[in-house]
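Below is one structure, written out as structure tokens, with a few remarks after it.
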Amino acid sequence: MIHVGANLPSFGVDETAGVAEHARLAEAAGLESVWVGDHLRPVKPFLDSTLVLATAAAVTDRVKVGFGVMVLALRPVAWAAKQVASLQHLSGDRVLLGVGTGGEPHGDVAWRAVGVPFAERGRRTDAALELLPGLVEGKPAVIDGVEIALTPGAAMPPVLIAGSGPAMLRRVARHGDGCYPAFSTPGQIAELSGRLAELAAEHGRPVPRITVSVSIGLGDVTEAEIDAQVRGLTGYGLTEADARASLITGTPAQAAEHFAELAAAGAHRITGMPFPKDRLRQTELLGEAARLT
């Protein structure tokens, strides 16, 4: 069975509703999870991811709340652990912790603002991932020569490592319960699934599960909306052809067919990132596609 989730409005409200209403609708539609990105200074307004997920958790009972993904190195690791543990308590252990290093498209302004060299984000992410589980669980940890234990401790949520290439695979092998590649085709997922199985065997660990983000525009979507989304995706390094191929449009039944292909290739979860303006309607249609998959 493949799980399906939906991204929440990243900037708090859209033309139809805010975070709370989207989260309630996602749960009512039968979706497994709701997600939000994590940026200090993105290309458009963005609310703090932890507060968005806390809001979603407060108005729902079942749906999981996911970081898609937390840029761990932007925070001191003790503060990140405090946020994760607090959200686990507030949500009733419903957190899914996607972790990434932060990409090139947003530049290095946010990193300079928090005093972290952009070039060190990978190394700092690795160091934080070593310490994070113990800190979240309330165990003593040594940070910069100081021993600290955070209270109250909480269950460490599943860690989903984002990225691509050897760096992602290395982090998944050492720290991940799963991985979170974005905008992947079924062929790419199948290749990744095989490599993850090899890594799991080498390290004596369970095979990590794959969560895939996809751009969703179901039902009546205009060509202008599709073109705008394609332009946005090319800003993340995709060619125009790959960007168009990565979009999932059409009816819920057609989306369900695409989801089934991803599942057959090895995907465990799909997170839909709606790009049309009426995101509430997209959440409803995404729920219908999930039921048909």
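Chain labels A, B, ... are given in the sequence in which chains occur in the structure tokens; within each chain residues are numbered consecutively from 1, and ligands are likewise numbered from 1 in the order shown.
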
List every residue of range 82-115 of chain A that DSSP, applied to the backbone of this structure, places in strand (DSSP E), and write the result as a short mmCIF file (atom, residue, chain, number, x, y, z; two decimals) with C-alpha atoms, in the first residue's frame.
```cif
data_model
loop_
_atom_site.label_atom_id
_atom_site.label_comp_id
_atom_site.auth_asym_id
_atom_site.auth_seq_id
_atom_site.Cartn_x
_atom_site.Cartn_y
_atom_site.Cartn_z
CA VAL A 95 6.10 13.61 13.30
CA LEU A 96 7.88 12.58 10.10
CA LEU A 97 11.29 14.26 10.05
CA GLY A 98 12.57 14.96 6.57
CA VAL A 99 16.10 16.37 6.73
CA GLY A 100 18.06 18.16 4.02
#
```

- Item | Surrounding residues of Ala245 in chain A excluding itself and chain neighbours under 2 positions, 12 Å, only C-alpha atoms, as a PyMOL selection string | chain A and resi 183-186+214-216+226+229-230+233-234+238-243+247-249+258

What would the file look like if the residues just selected were written as a tab-separated table (two decimals), in the first residue's frame with C-alpha atoms?
```
chain	number	residue	atom	x	y	z
A	183	PHE	CA	10.55	15.07	-8.68
A	184	SER	CA	11.68	11.52	-9.52
A	185	THR	CA	10.46	9.34	-12.37
A	186	PRO	CA	9.47	5.67	-11.84
A	214	VAL	CA	5.38	15.35	-6.94
A	215	SER	CA	3.84	18.53	-8.33
A	216	ILE	CA	0.06	18.09	-8.49
A	226	ILE	CA	1.17	24.76	-15.75
A	229	GLN	CA	4.94	25.80	-12.35
A	230	VAL	CA	7.35	24.61	-15.04
A	233	LEU	CA	10.81	23.98	-11.30
A	234	THR	CA	13.49	24.97	-13.82
A	238	LEU	CA	15.30	20.75	-13.98
A	239	THR	CA	15.20	21.12	-17.73
A	240	GLU	CA	11.89	22.33	-19.13
A	241	ALA	CA	11.21	18.87	-20.55
A	242	ASP	CA	11.91	17.16	-17.22
A	243	ALA	CA	9.85	19.76	-15.37
A	247	LEU	CA	3.92	17.24	-13.25
A	248	ILE	CA	0.92	15.07	-12.44
A	249	THR	CA	-2.20	16.49	-14.06
A	258	HIS	CA	0.87	7.45	-11.95
```

If you count only C-alpha atoms, which residues fall within 9 Å of Leu218 in chain A, apart from same-chain ones fewer than 2 positions away, as a compact mmCIF listing (two decimals) with all heavy atoms, in the first residue's frame?
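This is the output file around39.txt:
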```txt
# COMPACT_ATOMS: atom_id res chain seq x y z
N ILE A 216 1.42 18.54 -8.19
CA ILE A 216 0.06 18.09 -8.49
C ILE A 216 -0.79 19.25 -9.00
O ILE A 216 -0.84 20.31 -8.40
CB ILE A 216 -0.60 17.51 -7.22
CG1 ILE A 216 0.09 16.21 -6.80
CG2 ILE A 216 -2.08 17.28 -7.43
CD1 ILE A 216 -0.22 15.02 -7.66
N ASP A 220 -9.46 20.83 -13.52
CA ASP A 220 -9.35 21.93 -14.48
C ASP A 220 -8.20 22.85 -14.11
O ASP A 220 -8.32 23.69 -13.22
CB ASP A 220 -10.67 22.71 -14.51
CG ASP A 220 -11.82 21.86 -15.01
OD1 ASP A 220 -11.58 21.00 -15.87
OD2 ASP A 220 -12.95 22.06 -14.52
N VAL A 221 -7.09 22.67 -14.78
CA VAL A 221 -5.90 23.49 -14.56
C VAL A 221 -5.57 24.21 -15.85
O VAL A 221 -5.55 23.61 -16.93
CB VAL A 221 -4.69 22.62 -14.12
CG1 VAL A 221 -3.48 23.48 -13.84
CG2 VAL A 221 -5.06 21.81 -12.88
N ILE A 248 2.02 16.02 -12.38
CA ILE A 248 0.92 15.07 -12.44
C ILE A 248 -0.37 15.87 -12.59
O ILE A 248 -0.77 16.62 -11.68
CB ILE A 248 0.86 14.18 -11.20
CG1 ILE A 248 2.12 13.31 -11.13
CG2 ILE A 248 -0.38 13.30 -11.22
CD1 ILE A 248 2.17 12.36 -9.96
N THR A 249 -0.97 15.76 -13.75
CA THR A 249 -2.20 16.49 -14.06
C THR A 249 -3.26 15.50 -14.54
O THR A 249 -3.02 14.30 -14.62
CB THR A 249 -1.95 17.55 -15.14
OG1 THR A 249 -1.42 16.92 -16.32
CG2 THR A 249 -0.95 18.61 -14.66
N GLY A 250 -4.46 16.02 -14.84
CA GLY A 250 -5.53 15.17 -15.33
C GLY A 250 -6.53 14.85 -14.23
O GLY A 250 -6.69 15.59 -13.27
N THR A 251 -7.17 13.71 -14.36
CA THR A 251 -8.20 13.30 -13.41
C THR A 251 -7.56 12.57 -12.22
O THR A 251 -6.42 12.11 -12.30
CB THR A 251 -9.20 12.35 -14.09
OG1 THR A 251 -8.50 11.13 -14.43
CG2 THR A 251 -9.79 12.97 -15.34
N PRO A 252 -8.32 12.41 -11.12
CA PRO A 252 -7.80 11.59 -10.01
C PRO A 252 -7.47 10.17 -10.45
O PRO A 252 -6.49 9.59 -9.96
CB PRO A 252 -8.96 11.63 -9.00
CG PRO A 252 -9.61 12.94 -9.23
CD PRO A 252 -9.56 13.14 -10.73
N ALA A 255 -4.11 10.29 -12.03
CA ALA A 255 -3.10 10.46 -10.99
C ALA A 255 -2.87 9.14 -10.27
O ALA A 255 -1.72 8.78 -9.95
CB ALA A 255 -3.54 11.54 -10.00
N PRO A 274 0.51 20.74 -4.42
CA PRO A 274 -0.42 21.38 -5.36
C PRO A 274 0.10 22.72 -5.84
O PRO A 274 0.61 23.52 -5.05
CB PRO A 274 -1.69 21.57 -4.51
CG PRO A 274 -1.53 20.65 -3.35
CD PRO A 274 -0.06 20.60 -3.09
N PRO A 276 -1.97 24.66 -8.43
CA PRO A 276 -3.06 25.60 -8.76
C PRO A 276 -3.48 26.41 -7.54
O PRO A 276 -3.20 26.05 -6.39
CB PRO A 276 -4.19 24.66 -9.23
CG PRO A 276 -3.50 23.42 -9.66
CD PRO A 276 -2.35 23.27 -8.71
N ARG A 281 -9.42 22.48 -3.18
CA ARG A 281 -9.95 21.56 -4.18
C ARG A 281 -8.89 20.53 -4.57
O ARG A 281 -9.20 19.35 -4.77
CB ARG A 281 -10.41 22.34 -5.42
CG ARG A 281 -10.97 21.48 -6.54
CD ARG A 281 -12.15 20.65 -6.10
NE ARG A 281 -12.70 19.84 -7.18
CZ ARG A 281 -13.39 18.73 -6.98
NH1 ARG A 281 -13.62 18.28 -5.75
NH2 ARG A 281 -13.87 18.05 -8.01
N GLN A 282 -7.64 20.94 -4.67
CA GLN A 282 -6.57 20.01 -4.99
C GLN A 282 -6.43 18.95 -3.91
O GLN A 282 -6.17 17.77 -4.20
CB GLN A 282 -5.25 20.76 -5.17
CG GLN A 282 -5.18 21.61 -6.43
CD GLN A 282 -5.34 20.79 -7.69
OE1 GLN A 282 -4.65 19.79 -7.88
NE2 GLN A 282 -6.25 21.20 -8.56
N LEU A 285 -9.17 16.40 -4.46
CA LEU A 285 -8.89 15.54 -5.61
C LEU A 285 -7.72 14.59 -5.31
O LEU A 285 -7.72 13.43 -5.76
CB LEU A 285 -8.56 16.40 -6.83
CG LEU A 285 -9.73 17.24 -7.37
CD1 LEU A 285 -9.25 18.20 -8.44
CD2 LEU A 285 -10.84 16.34 -7.92
N LEU A 286 -6.75 15.06 -4.54
CA LEU A 286 -5.63 14.20 -4.16
C LEU A 286 -6.12 13.06 -3.28
O LEU A 286 -5.66 11.91 -3.41
CB LEU A 286 -4.56 15.03 -3.44
CG LEU A 286 -3.24 14.35 -3.10
CD1 LEU A 286 -2.57 13.82 -4.36
CD2 LEU A 286 -2.32 15.33 -2.38
```

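For the pair CA of Asp227 in chain A and CA of Met273 in chain A, the interatomic distance is 15.6 Å.
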
Selection: 7 Å around range 133-137 of chain A, only C-alpha atoms, excl. self and same-chain fewer than 4 positions, as a PDB file with N, CA and C atoms, in the first residue's frame:
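Written file, part25.pdb:
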```
ATOM      1  N   ALA A  78      20.791  21.524  19.358  1.00  0.00           N
ATOM      2  CA  ALA A  78      19.990  21.389  20.575  1.00  0.00           C
ATOM      3  C   ALA A  78      18.616  22.024  20.395  1.00  0.00           C
ATOM      4  N   ALA A  81      16.512  19.771  18.182  1.00  0.00           N
ATOM      5  CA  ALA A  81      16.022  18.634  18.958  1.00  0.00           C
ATOM      6  C   ALA A  81      14.859  19.049  19.854  1.00  0.00           C
ATOM      7  N   LYS A  82      14.956  20.236  20.460  1.00  0.00           N
ATOM      8  CA  LYS A  82      13.878  20.730  21.318  1.00  0.00           C
ATOM      9  C   LYS A  82      12.589  20.915  20.517  1.00  0.00           C
ATOM     10  N   VAL A  84      11.737  19.354  17.678  1.00  0.00           N
ATOM     11  CA  VAL A  84      11.224  18.051  17.258  1.00  0.00           C
ATOM     12  C   VAL A  84      10.552  17.340  18.428  1.00  0.00           C
ATOM     13  N   ALA A  85      11.211  17.338  19.590  1.00  0.00           N
ATOM     14  CA  ALA A  85      10.632  16.666  20.756  1.00  0.00           C
ATOM     15  C   ALA A  85       9.318  17.327  21.170  1.00  0.00           C
ATOM     16  N   ALA A 141      24.058  14.417  26.020  1.00  0.00           N
ATOM     17  CA  ALA A 141      24.906  14.544  24.835  1.00  0.00           C
ATOM     18  C   ALA A 141      25.916  15.645  25.087  1.00  0.00           C
ATOM     19  N   ALA A 149      21.243  17.482  28.656  1.00  0.00           N
ATOM     20  CA  ALA A 149      20.134  16.564  28.420  1.00  0.00           C
ATOM     21  C   ALA A 149      18.858  17.395  28.380  1.00  0.00           C
ATOM     22  N   LEU A 150      18.080  17.239  27.336  1.00  0.00           N
ATOM     23  CA  LEU A 150      16.860  18.030  27.169  1.00  0.00           C
ATOM     24  C   LEU A 150      15.664  17.301  27.767  1.00  0.00           C
ATOM     25  N   GLY A 153      12.007  14.396  27.175  1.00  0.00           N
ATOM     26  CA  GLY A 153      12.401  13.648  25.997  1.00  0.00           C
ATOM     27  C   GLY A 153      11.176  13.119  25.263  1.00  0.00           C
ATOM     28  N   ALA A 154      11.390  12.668  24.051  1.00  0.00           N
ATOM     29  CA  ALA A 154      10.295  12.165  23.227  1.00  0.00           C
ATOM     30  C   ALA A 154      10.804  11.039  22.343  1.00  0.00           C
ATOM     31  N   ALA A 155       9.887  10.317  21.741  1.00  0.00           N
ATOM     32  CA  ALA A 155      10.274   9.285  20.784  1.00  0.00           C
ATOM     33  C   ALA A 155      10.890   9.936  19.551  1.00  0.00           C
ATOM     34  N   MET A 156      12.026   9.431  19.126  1.00  0.00           N
ATOM     35  CA  MET A 156      12.656   9.955  17.914  1.00  0.00           C
ATOM     36  C   MET A 156      11.813   9.567  16.709  1.00  0.00           C
TER      37      MET A 156
END
```

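Separating CA of Thr283 in chain A from CA of Val212 in chain A is a distance of 16.9 Å.
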
- Name all residues at most 8 Å from Thr211 in chain A (count only C-alpha atoms; drop same-chain ones fewer than 5 positions away) and give them as a VMD selection string. chain A and resid 160 178 to 181 267 to 271

Could you turn the residues from that selection into a file that holds N, CA, C and O atoms, as an mmCIF file, in the first residue's frame?
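In the end it all went to part01.cif:
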```
data_model
loop_
_atom_site.group_PDB
_atom_site.id
_atom_site.type_symbol
_atom_site.label_atom_id
_atom_site.label_comp_id
_atom_site.auth_asym_id
_atom_site.auth_seq_id
_atom_site.Cartn_x
_atom_site.Cartn_y
_atom_site.Cartn_z
ATOM 1 N N LEU A 160 13.873 10.968 7.333
ATOM 2 C CA LEU A 160 13.874 10.796 5.882
ATOM 3 C C LEU A 160 14.913 11.737 5.302
ATOM 4 O O LEU A 160 14.784 12.962 5.432
ATOM 5 N N GLY A 178 14.479 6.399 5.932
ATOM 6 C CA GLY A 178 13.989 6.487 4.568
ATOM 7 C C GLY A 178 14.697 7.606 3.849
ATOM 8 O O GLY A 178 15.558 8.288 4.410
ATOM 9 N N CYS A 179 14.352 7.809 2.576
ATOM 10 C CA CYS A 179 14.928 8.907 1.817
ATOM 11 C C CYS A 179 13.817 9.671 1.124
ATOM 12 O O CYS A 179 12.700 9.172 0.958
ATOM 13 N N TYR A 180 14.139 10.882 0.697
ATOM 14 C CA TYR A 180 13.126 11.821 0.214
ATOM 15 C C TYR A 180 13.624 12.510 -1.050
ATOM 16 O O TYR A 180 13.900 13.705 -1.054
ATOM 17 N N PRO A 181 13.748 11.774 -2.160
ATOM 18 C CA PRO A 181 14.126 12.421 -3.422
ATOM 19 C C PRO A 181 12.946 13.194 -3.991
ATOM 20 O O PRO A 181 11.791 12.808 -3.789
ATOM 21 N N ALA A 267 8.347 3.197 -4.456
ATOM 22 C CA ALA A 267 7.974 4.306 -3.574
ATOM 23 C C ALA A 267 7.039 3.814 -2.483
ATOM 24 O O ALA A 267 6.118 3.032 -2.736
ATOM 25 N N HIS A 268 7.255 4.294 -1.268
ATOM 26 C CA HIS A 268 6.412 3.949 -0.123
ATOM 27 C C HIS A 268 5.383 5.042 0.161
ATOM 28 O O HIS A 268 4.294 4.764 0.651
ATOM 29 N N ARG A 269 5.752 6.283 -0.169
ATOM 30 C CA ARG A 269 4.879 7.424 0.120
ATOM 31 C C ARG A 269 5.040 8.465 -0.982
ATOM 32 O O ARG A 269 6.133 8.666 -1.504
ATOM 33 N N ILE A 270 3.935 9.141 -1.307
ATOM 34 C CA ILE A 270 3.938 10.256 -2.246
ATOM 35 C C ILE A 270 3.422 11.489 -1.524
ATOM 36 O O ILE A 270 2.396 11.427 -0.842
ATOM 37 N N THR A 271 4.125 12.599 -1.653
ATOM 38 C CA THR A 271 3.630 13.859 -1.116
ATOM 39 C C THR A 271 3.288 14.768 -2.288
ATOM 40 O O THR A 271 4.140 15.102 -3.108
#
```

- Item | 12 Å contact set for Val43 in chain A, only C-alpha atoms, chain neighbours under 2 positions out, as an NGL selection string | :A and (10-11 or 39-41 or 45-46 or 104-107 or 109-110 or 232 or 235-236)

I need the residues from that last selection saved to file as a compact mmCIF listing (two decimals), in the first residue's frame (with all heavy atoms), if you can.
```txt
# COMPACT_ATOMS: atom_id res chain seq x y z
N SER A 10 2.52 27.07 2.19
CA SER A 10 3.80 27.45 2.80
C SER A 10 3.81 28.85 3.38
O SER A 10 4.65 29.19 4.20
CB SER A 10 4.92 27.32 1.77
OG SER A 10 4.64 28.14 0.65
N PHE A 11 2.86 29.66 2.93
CA PHE A 11 2.85 31.05 3.37
C PHE A 11 1.63 31.36 4.23
O PHE A 11 1.21 32.49 4.36
CB PHE A 11 2.90 32.00 2.17
CG PHE A 11 1.90 31.65 1.10
CD1 PHE A 11 0.64 32.22 1.09
CD2 PHE A 11 2.23 30.74 0.10
CE1 PHE A 11 -0.28 31.89 0.11
CE2 PHE A 11 1.31 30.41 -0.89
CZ PHE A 11 0.05 30.98 -0.88
N HIS A 39 12.27 27.00 5.35
CA HIS A 39 13.18 28.01 4.81
C HIS A 39 13.22 29.20 5.77
O HIS A 39 12.21 29.56 6.37
CB HIS A 39 12.70 28.52 3.44
CG HIS A 39 12.60 27.45 2.40
ND1 HIS A 39 13.72 26.94 1.77
CD2 HIS A 39 11.54 26.81 1.87
CE1 HIS A 39 13.32 26.01 0.90
NE2 HIS A 39 12.01 25.92 0.95
N LEU A 40 14.38 29.81 5.88
CA LEU A 40 14.48 31.07 6.61
C LEU A 40 14.19 32.25 5.69
O LEU A 40 13.46 33.17 6.04
CB LEU A 40 15.89 31.22 7.22
CG LEU A 40 16.13 32.50 8.04
CD1 LEU A 40 15.19 32.56 9.23
CD2 LEU A 40 17.59 32.56 8.49
N ARG A 41 14.75 32.20 4.49
CA ARG A 41 14.53 33.27 3.52
C ARG A 41 14.39 32.66 2.13
O ARG A 41 15.34 32.60 1.36
CB ARG A 41 15.71 34.26 3.54
CG ARG A 41 15.50 35.46 2.61
CD ARG A 41 16.76 36.32 2.54
NE ARG A 41 16.61 37.41 1.60
CZ ARG A 41 16.82 37.32 0.29
NH1 ARG A 41 17.18 36.16 -0.24
NH2 ARG A 41 16.68 38.37 -0.49
N PRO A 45 7.19 34.43 0.49
CA PRO A 45 6.94 34.38 1.94
C PRO A 45 6.70 32.96 2.44
O PRO A 45 6.04 32.16 1.79
CB PRO A 45 5.69 35.25 2.11
CG PRO A 45 5.74 36.19 0.96
CD PRO A 45 6.32 35.41 -0.19
N PHE A 46 7.25 32.67 3.62
CA PHE A 46 7.19 31.33 4.18
C PHE A 46 7.08 31.42 5.68
O PHE A 46 7.88 32.12 6.32
CB PHE A 46 8.50 30.59 3.82
CG PHE A 46 8.32 29.23 3.24
CD1 PHE A 46 8.15 29.06 1.87
CD2 PHE A 46 8.33 28.11 4.05
CE1 PHE A 46 8.00 27.80 1.33
CE2 PHE A 46 8.18 26.84 3.51
CZ PHE A 46 8.01 26.69 2.14
N GLU A 104 20.96 25.09 -3.57
CA GLU A 104 21.53 26.28 -4.18
C GLU A 104 20.52 27.37 -4.54
O GLU A 104 20.86 28.55 -4.50
CB GLU A 104 22.29 25.88 -5.45
CG GLU A 104 23.42 24.87 -5.23
CD GLU A 104 24.64 25.52 -4.62
OE1 GLU A 104 24.72 26.76 -4.62
OE2 GLU A 104 25.52 24.77 -4.16
N PRO A 105 19.26 27.02 -4.92
CA PRO A 105 18.38 28.06 -5.48
C PRO A 105 18.14 29.26 -4.58
O PRO A 105 17.92 30.37 -5.07
CB PRO A 105 17.07 27.30 -5.73
CG PRO A 105 17.49 25.90 -5.94
CD PRO A 105 18.63 25.70 -4.99
N HIS A 106 18.16 29.08 -3.26
CA HIS A 106 17.86 30.19 -2.36
C HIS A 106 19.10 30.99 -1.97
O HIS A 106 18.99 31.96 -1.23
CB HIS A 106 17.16 29.67 -1.11
CG HIS A 106 15.89 28.95 -1.41
ND1 HIS A 106 14.83 29.54 -2.07
CD2 HIS A 106 15.49 27.67 -1.17
CE1 HIS A 106 13.85 28.67 -2.22
NE2 HIS A 106 14.24 27.53 -1.69
N GLY A 107 20.28 30.56 -2.43
CA GLY A 107 21.48 31.31 -2.15
C GLY A 107 21.96 31.16 -0.72
O GLY A 107 21.47 30.32 0.03
N VAL A 109 22.20 33.80 1.62
CA VAL A 109 21.87 34.92 2.51
C VAL A 109 21.40 34.43 3.86
O VAL A 109 21.82 34.92 4.92
CB VAL A 109 20.79 35.82 1.86
CG1 VAL A 109 20.33 36.88 2.85
CG2 VAL A 109 21.35 36.49 0.61
N ALA A 110 20.50 33.43 3.88
CA ALA A 110 19.99 32.91 5.14
C ALA A 110 21.11 32.31 5.98
O ALA A 110 21.13 32.45 7.21
CB ALA A 110 18.91 31.87 4.89
N GLY A 232 8.96 27.62 -12.42
CA GLY A 232 9.45 27.52 -11.05
C GLY A 232 10.36 26.31 -10.85
O GLY A 232 11.38 26.41 -10.17
N GLY A 235 13.92 26.56 -12.02
CA GLY A 235 14.79 27.27 -11.09
C GLY A 235 15.49 26.35 -10.10
O GLY A 235 16.43 26.75 -9.42
N TYR A 236 15.00 25.11 -10.01
CA TYR A 236 15.63 24.11 -9.14
C TYR A 236 16.52 23.15 -9.92
O TYR A 236 16.88 22.08 -9.43
CB TYR A 236 14.56 23.33 -8.38
CG TYR A 236 13.95 24.12 -7.26
CD1 TYR A 236 12.90 25.00 -7.49
CD2 TYR A 236 14.43 24.01 -5.96
CE1 TYR A 236 12.35 25.74 -6.46
CE2 TYR A 236 13.89 24.75 -4.92
CZ TYR A 236 12.84 25.61 -5.18
OH TYR A 236 12.29 26.36 -4.17
```

- Message: DSSP on the backbone: which residues in range 29-252 of chain A end up as alpha helix (DSSP H)? Give the answer as an NGL selection string.
- Response: :A and (49-58 or 77-91 or 109-113 or 121-136 or 165-175 or 186-203 or 223-234 or 240-246 or 252)

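Counting only C-alpha atoms and comparing A:Glu202, A:Gly66, A:Phe275, A:Leu262, the residue that lies closest to Arg231 in chain A is A:Phe275.
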
- Near Val172 in chain A, counting only C-alpha atoms, which residues have an atom at most 9 Å away, once you skip same-chain residues fewer than 2 positions from it, shown as a list in words?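 Result of the neighbour search: Val159, Leu160, Ile161, Ala162, Ala167, Met168, Leu169, Arg170, Arg174, His175, Gly176, Asp177, Gly178, Cys179, Leu196, Leu199 and Pro208 of chain A.
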
Go ahead and write the selection's residues with all heavy atoms as a compact mmCIF listing (two decimals), in the first residue's frame.
```txt
# COMPACT_ATOMS: atom_id res chain seq x y z
N VAL A 159 13.41 9.36 10.33
CA VAL A 159 14.23 10.36 9.65
C VAL A 159 14.27 10.02 8.17
O VAL A 159 14.67 8.91 7.78
CB VAL A 159 15.66 10.41 10.22
CG1 VAL A 159 16.52 11.39 9.42
CG2 VAL A 159 15.62 10.82 11.69
N LEU A 160 13.87 10.97 7.33
CA LEU A 160 13.87 10.80 5.88
C LEU A 160 14.91 11.74 5.30
O LEU A 160 14.78 12.96 5.43
CB LEU A 160 12.49 11.11 5.29
CG LEU A 160 11.28 10.51 6.02
CD1 LEU A 160 9.99 10.96 5.35
CD2 LEU A 160 11.37 9.01 6.07
N ILE A 161 15.93 11.21 4.68
CA ILE A 161 17.05 12.00 4.18
C ILE A 161 16.76 12.48 2.76
O ILE A 161 16.50 11.67 1.86
CB ILE A 161 18.36 11.20 4.20
CG1 ILE A 161 18.65 10.67 5.60
CG2 ILE A 161 19.51 12.06 3.69
CD1 ILE A 161 18.93 11.72 6.64
N ALA A 162 16.81 13.78 2.57
CA ALA A 162 16.57 14.36 1.25
C ALA A 162 17.89 14.58 0.51
O ALA A 162 18.97 14.57 1.11
CB ALA A 162 15.83 15.69 1.38
N ALA A 167 26.06 11.61 -1.62
CA ALA A 167 25.91 12.22 -0.29
C ALA A 167 24.61 11.75 0.37
O ALA A 167 24.59 11.41 1.56
CB ALA A 167 25.94 13.74 -0.39
N MET A 168 23.52 11.74 -0.40
CA MET A 168 22.25 11.28 0.16
C MET A 168 22.33 9.82 0.56
O MET A 168 21.90 9.44 1.66
CB MET A 168 21.10 11.48 -0.83
CG MET A 168 19.75 11.02 -0.27
SD MET A 168 18.37 11.05 -1.46
CE MET A 168 18.79 9.61 -2.46
N LEU A 169 22.90 8.98 -0.30
CA LEU A 169 22.97 7.56 -0.01
C LEU A 169 23.81 7.29 1.23
O LEU A 169 23.47 6.44 2.06
CB LEU A 169 23.55 6.81 -1.21
CG LEU A 169 22.65 6.75 -2.45
CD1 LEU A 169 23.42 6.17 -3.63
CD2 LEU A 169 21.40 5.92 -2.16
N ARG A 170 24.90 8.04 1.38
CA ARG A 170 25.74 7.86 2.57
C ARG A 170 24.98 8.23 3.83
O ARG A 170 25.04 7.53 4.85
CB ARG A 170 27.00 8.73 2.43
CG ARG A 170 27.89 8.74 3.67
CD ARG A 170 29.14 9.55 3.43
NE ARG A 170 28.87 10.90 2.97
CZ ARG A 170 28.48 11.90 3.78
NH1 ARG A 170 28.30 11.69 5.08
NH2 ARG A 170 28.26 13.11 3.28
N ARG A 174 23.69 5.73 7.05
CA ARG A 174 24.13 5.94 8.43
C ARG A 174 23.00 6.38 9.36
O ARG A 174 22.98 6.00 10.53
CB ARG A 174 25.25 6.99 8.47
CG ARG A 174 26.52 6.58 7.79
CD ARG A 174 27.63 7.59 8.03
NE ARG A 174 27.97 7.72 9.45
CZ ARG A 174 28.84 8.59 9.94
NH1 ARG A 174 29.44 9.44 9.12
NH2 ARG A 174 29.11 8.63 11.21
N HIS A 175 22.08 7.22 8.84
CA HIS A 175 21.13 7.88 9.73
C HIS A 175 19.66 7.72 9.35
O HIS A 175 18.79 8.06 10.17
CB HIS A 175 21.43 9.38 9.78
CG HIS A 175 22.83 9.73 10.13
ND1 HIS A 175 23.37 9.51 11.38
CD2 HIS A 175 23.83 10.28 9.39
CE1 HIS A 175 24.62 9.93 11.41
NE2 HIS A 175 24.93 10.39 10.21
N GLY A 176 19.35 7.26 8.15
CA GLY A 176 17.99 7.39 7.66
C GLY A 176 17.12 6.16 7.84
O GLY A 176 17.58 5.03 7.68
N ASP A 177 15.86 6.42 8.16
CA ASP A 177 14.84 5.38 8.09
C ASP A 177 14.24 5.34 6.68
O ASP A 177 13.55 4.39 6.32
CB ASP A 177 13.74 5.67 9.10
CG ASP A 177 14.28 5.74 10.52
OD1 ASP A 177 14.70 4.70 11.03
OD2 ASP A 177 14.29 6.86 11.10
N GLY A 178 14.48 6.40 5.93
CA GLY A 178 13.99 6.49 4.57
C GLY A 178 14.70 7.61 3.85
O GLY A 178 15.56 8.29 4.41
N CYS A 179 14.35 7.81 2.58
CA CYS A 179 14.93 8.91 1.82
C CYS A 179 13.82 9.67 1.12
O CYS A 179 12.70 9.17 0.96
CB CYS A 179 15.99 8.43 0.84
SG CYS A 179 15.36 7.40 -0.48
N LEU A 196 19.38 1.24 -2.53
CA LEU A 196 19.09 1.25 -1.09
C LEU A 196 19.08 -0.16 -0.52
O LEU A 196 19.53 -0.39 0.61
CB LEU A 196 17.75 1.92 -0.83
CG LEU A 196 17.70 3.44 -1.06
CD1 LEU A 196 16.27 3.95 -0.93
CD2 LEU A 196 18.61 4.18 -0.07
N LEU A 199 22.68 -1.10 0.01
CA LEU A 199 23.25 -0.43 1.17
C LEU A 199 22.75 -1.04 2.48
O LEU A 199 23.51 -1.20 3.43
CB LEU A 199 22.90 1.07 1.14
CG LEU A 199 23.72 1.95 0.20
CD1 LEU A 199 23.12 3.35 0.16
CD2 LEU A 199 25.17 2.01 0.67
N PRO A 208 15.68 1.18 3.67
CA PRO A 208 14.98 2.47 3.84
C PRO A 208 13.84 2.62 2.84
O PRO A 208 13.94 2.18 1.69
CB PRO A 208 16.08 3.50 3.57
CG PRO A 208 17.36 2.77 3.77
CD PRO A 208 17.08 1.36 3.32
```

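Taking CA of Ala20 in chain A and CA of Glu284 in chain A as endpoints, the distance between them is 15.0 Å.
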